[in-house]
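Participant: This is the structure, below, for whatever I ask next.
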Amino acid sequence: MKMNDLIQPLNRIEIADMIATAFPPSRPARSQAYRVGVEKALETASAGLRLNDLYETGTVAFDAFHAGVAEGRAIWARHIAAKAALPRRLLAPANASDLLAAELIQAGQIITVMLNHMTAVQLGDVRLQLEKQGVVTSAGYASRAPERQAALVAAGFAEA
């Protein structure tokens, strides 16, 4: 079975069924923002769309929404694994793409600070080491910032 056969957009009824299963009456109540996060994660994951923030950053609703998104992505991952009849195995965290994007962003910030505090000689030494390791070519740039930014844009975590 091909992955494209597994990933079909869910209809409203399928999403409602998955949410009903995730939130049985016996489960403690969750906030509306949390439940919206679960629903939006299922909608966007199944349709291959970018998830937009619906709440202002730094608010309780924003945090609840993103906690719900993490659960929604975990539900989606289990759904795909079940459809594919994959053997039980550890899956990447549902928010793996969020974690990787955060790491790329933080790596860019760390590298920028470090480069701004290096002398010209130190920068030259770093460039030579990167060339020896094949990270950059002698004709290319020593910075990988464009590649990091392109990956973030392609994944929907930054704008071009």
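By convention here, the chains of the structure tokens are called A, B, ... in the order presented, each chain's residues are numbered starting at 1, and ligands are numbered starting at 1 in the order presented.
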So which residues of region 31-114 of chain A fall under alpha helix (DSSP H) by DSSP, listed as a count of residues only?

Facilitator: 59

Participant: For region 102-108 of chain A, please output as a CSV table (one decimal) with N, CA and C atoms, in the first residue's frame all residues within 12 Å (counting only C-alpha atoms; exclusion window: fewer than 2 positions along the same chain).

Facilitator:
chain,number,residue,atom,x,y,z
A,95,ASN,N,4.5,16.1,17.6
A,95,ASN,CA,4.9,17.5,17.3
A,95,ASN,C,6.4,17.5,16.8
A,96,ALA,N,6.8,16.4,16.2
A,96,ALA,CA,8.2,16.3,15.8
A,96,ALA,C,8.6,17.5,14.9
A,97,SER,N,7.7,17.8,13.9
A,97,SER,CA,8.0,18.9,13.0
A,97,SER,C,8.1,20.2,13.8
A,98,ASP,N,7.3,20.4,14.8
A,98,ASP,CA,7.4,21.6,15.6
A,98,ASP,C,8.7,21.7,16.3
A,99,LEU,N,9.1,20.5,16.9
A,99,LEU,CA,10.4,20.5,17.6
A,99,LEU,C,11.6,20.7,16.7
A,100,LEU,N,11.6,20.1,15.5
A,100,LEU,CA,12.7,20.3,14.6
A,100,LEU,C,12.7,21.7,14.1
A,110,ILE,N,21.8,30.9,17.5
A,110,ILE,CA,23.1,30.6,18.2
A,110,ILE,C,24.2,30.8,17.2
A,111,ILE,N,24.1,30.4,16.0
A,111,ILE,CA,25.2,30.5,15.0
A,111,ILE,C,25.4,32.0,14.7
A,112,THR,N,24.4,32.8,14.6
A,112,THR,CA,24.5,34.2,14.3
A,112,THR,C,25.2,34.9,15.4
A,113,VAL,N,24.9,34.6,16.7
A,113,VAL,CA,25.6,35.2,17.8
A,113,VAL,C,27.0,34.9,17.8
A,114,MET,N,27.3,33.6,17.6
A,114,MET,CA,28.7,33.1,17.6
A,114,MET,C,29.5,33.8,16.5
A,115,LEU,N,29.0,33.8,15.3
A,115,LEU,CA,29.7,34.4,14.2
A,115,LEU,C,29.9,35.9,14.4
A,143,SER,N,27.7,30.2,5.2
A,143,SER,CA,26.5,30.2,5.9
A,143,SER,C,25.5,29.2,5.4
A,144,ARG,N,24.8,28.5,6.2
A,144,ARG,CA,23.7,27.6,5.8
A,144,ARG,C,22.4,28.2,6.1
A,145,ALA,N,22.4,29.5,6.5
A,145,ALA,CA,21.1,30.2,6.8
A,145,ALA,C,20.1,30.1,5.7
A,146,PRO,N,20.5,30.2,4.4
A,146,PRO,CA,19.5,30.1,3.4
A,146,PRO,C,18.8,28.7,3.3
A,147,GLU,N,19.6,27.7,3.6
A,147,GLU,CA,19.0,26.3,3.6
A,147,GLU,C,18.1,26.1,4.8
A,148,ARG,N,18.5,26.6,6.0
A,148,ARG,CA,17.6,26.5,7.2
A,148,ARG,C,16.3,27.3,6.9
A,149,GLN,N,16.4,28.5,6.4
A,149,GLN,CA,15.2,29.3,6.1
A,149,GLN,C,14.3,28.6,5.1
A,150,ALA,N,14.9,28.0,4.0
A,150,ALA,CA,14.1,27.3,3.0
A,150,ALA,C,13.4,26.2,3.6
A,151,ALA,N,14.1,25.4,4.5
A,151,ALA,CA,13.4,24.3,5.1
A,151,ALA,C,12.3,24.7,6.0
A,152,LEU,N,12.4,25.8,6.7
A,152,LEU,CA,11.4,26.4,7.6
A,152,LEU,C,10.2,26.9,6.7
A,153,VAL,N,10.5,27.5,5.6
A,153,VAL,CA,9.4,28.0,4.7
A,153,VAL,C,8.7,26.8,4.1
A,155,ALA,N,8.3,23.9,5.3
A,155,ALA,CA,7.5,23.2,6.3
A,155,ALA,C,6.4,24.1,6.9
A,157,PHE,N,6.7,26.9,8.7
A,157,PHE,CA,7.1,27.6,9.9
A,157,PHE,C,7.6,29.0,9.8
A,158,ALA,N,7.8,29.4,8.5
A,158,ALA,CA,8.3,30.7,8.3
A,158,ALA,C,7.8,31.2,6.9

Participant: Report as a PyMOL selection string all protein, DNA and RNA residues lying within 10 Å of Gly68 (chain A), evaluated on only C-alpha atoms, omitting residues in the same chain fewer than 4 positions from it.

Facilitator: chain A and resi 30-41+62-64+72-74

Participant: Output N, CA and C atoms for every residue in that selection, as an mmCIF file, in the first residue's frame.

Facilitator:
data_model
loop_
_atom_site.group_PDB
_atom_site.id
_atom_site.type_symbol
_atom_site.label_atom_id
_atom_site.label_comp_id
_atom_site.auth_asym_id
_atom_site.auth_seq_id
_atom_site.Cartn_x
_atom_site.Cartn_y
_atom_site.Cartn_z
ATOM 1 N N ARG A 30 -11.927 19.225 28.652
ATOM 2 C CA ARG A 30 -10.819 20.028 28.137
ATOM 3 C C ARG A 30 -11.398 21.355 27.654
ATOM 4 N N SER A 31 -10.546 22.365 27.565
ATOM 5 C CA SER A 31 -11.025 23.681 27.139
ATOM 6 C C SER A 31 -11.414 23.656 25.659
ATOM 7 N N GLN A 32 -12.186 24.640 25.288
ATOM 8 C CA GLN A 32 -12.603 24.751 23.883
ATOM 9 C C GLN A 32 -11.389 24.926 22.981
ATOM 10 N N ALA A 33 -10.412 25.727 23.414
ATOM 11 C CA ALA A 33 -9.205 25.940 22.606
ATOM 12 C C ALA A 33 -8.444 24.634 22.403
ATOM 13 N N TYR A 34 -8.390 23.797 23.425
ATOM 14 C CA TYR A 34 -7.719 22.501 23.321
ATOM 15 C C TYR A 34 -8.432 21.633 22.280
ATOM 16 N N ARG A 35 -9.753 21.567 22.387
ATOM 17 C CA ARG A 35 -10.533 20.741 21.457
ATOM 18 C C ARG A 35 -10.419 21.265 20.025
ATOM 19 N N VAL A 36 -10.394 22.586 19.870
ATOM 20 C CA VAL A 36 -10.208 23.168 18.534
ATOM 21 C C VAL A 36 -8.835 22.780 17.991
ATOM 22 N N GLY A 37 -7.819 22.765 18.849
ATOM 23 C CA GLY A 37 -6.478 22.353 18.429
ATOM 24 C C GLY A 37 -6.464 20.934 17.899
ATOM 25 N N VAL A 38 -7.155 20.021 18.600
ATOM 26 C CA VAL A 38 -7.245 18.626 18.150
ATOM 27 C C VAL A 38 -7.919 18.578 16.781
ATOM 28 N N GLU A 39 -9.043 19.262 16.667
ATOM 29 C CA GLU A 39 -9.810 19.242 15.416
ATOM 30 C C GLU A 39 -9.007 19.835 14.255
ATOM 31 N N LYS A 40 -8.382 20.979 14.467
ATOM 32 C CA LYS A 40 -7.612 21.632 13.390
ATOM 33 C C LYS A 40 -6.396 20.793 13.002
ATOM 34 N N ALA A 41 -5.776 20.140 13.973
ATOM 35 C CA ALA A 41 -4.636 19.275 13.653
ATOM 36 C C ALA A 41 -5.078 18.124 12.762
ATOM 37 N N PHE A 62 -3.778 30.099 23.557
ATOM 38 C CA PHE A 62 -2.732 29.715 22.606
ATOM 39 C C PHE A 62 -2.057 28.422 23.075
ATOM 40 N N ASP A 63 -1.699 28.375 24.367
ATOM 41 C CA ASP A 63 -1.059 27.176 24.920
ATOM 42 C C ASP A 63 -1.985 25.966 24.848
ATOM 43 N N ALA A 64 -3.249 26.175 25.194
ATOM 44 C CA ALA A 64 -4.214 25.074 25.154
ATOM 45 C C ALA A 64 -4.406 24.588 23.722
ATOM 46 N N GLY A 72 -3.914 16.024 18.609
ATOM 47 C CA GLY A 72 -4.505 15.749 17.297
ATOM 48 C C GLY A 72 -3.516 15.091 16.354
ATOM 49 N N ARG A 73 -2.269 15.537 16.393
ATOM 50 C CA ARG A 73 -1.244 14.921 15.541
ATOM 51 C C ARG A 73 -0.946 13.491 15.974
ATOM 52 N N ALA A 74 -0.993 13.243 17.268
ATOM 53 C CA ALA A 74 -0.794 11.871 17.759
ATOM 54 C C ALA A 74 -1.953 10.979 17.317
#

Participant: Nearest to His66 (chain A): which of A:Val136, A:Leu54, A:Val126, A:Ala81 is it, counting only C-alpha atoms?

Facilitator: A:Leu54

Participant: Have a look at A:Ala101, A:Leu42, A:Thr57, A:Asp125 and name the one nearest to Ile13 (chain A); count only C-alpha atoms.

Facilitator: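 Using only C-alpha atoms, Ile13 (chain A) sits closest to A:Leu42.
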
Participant: Can you work out which one of A:Val135, A:Ala120, A:Leu51, A:Ala82 has the shortest atom-to-atom distance to Ala70 (chain A), counting only C-alpha atoms?

Facilitator: A:Leu51

Participant: To one decimal place, how far is CA of Asn52 (chain A) from CA of Arg78 (chain A) in Å?

Facilitator: 22.5 Å

Participant: Could you please determine the separation between CA of Phe65 (chain A) and CA of Ala154 (chain A) in Å, to one decimal place?

Facilitator: 22.8 Å

Participant: What is the distance, in Å and to one decimal place, between CA of Ala22 (chain A) and CA of Glu43 (chain A)?

Facilitator: 15.0 Å

Participant: Can you tell me, as a list in words, what residues are no more than 12 Å from Leu10 (chain A) when counting only C-alpha atoms, ignoring any on the same chain fewer than 3 positions away?

Facilitator: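 The filter keeps Leu6, Ile7, Ile13, Glu14, Ile15, Ala16, Asp17, Met18, Glu39, Lys40, Ala41, Leu42, Glu43, Thr44, Ala45, Ser46, Ala47, Gly48, Trp76, His79 and Ile80 of chain A.
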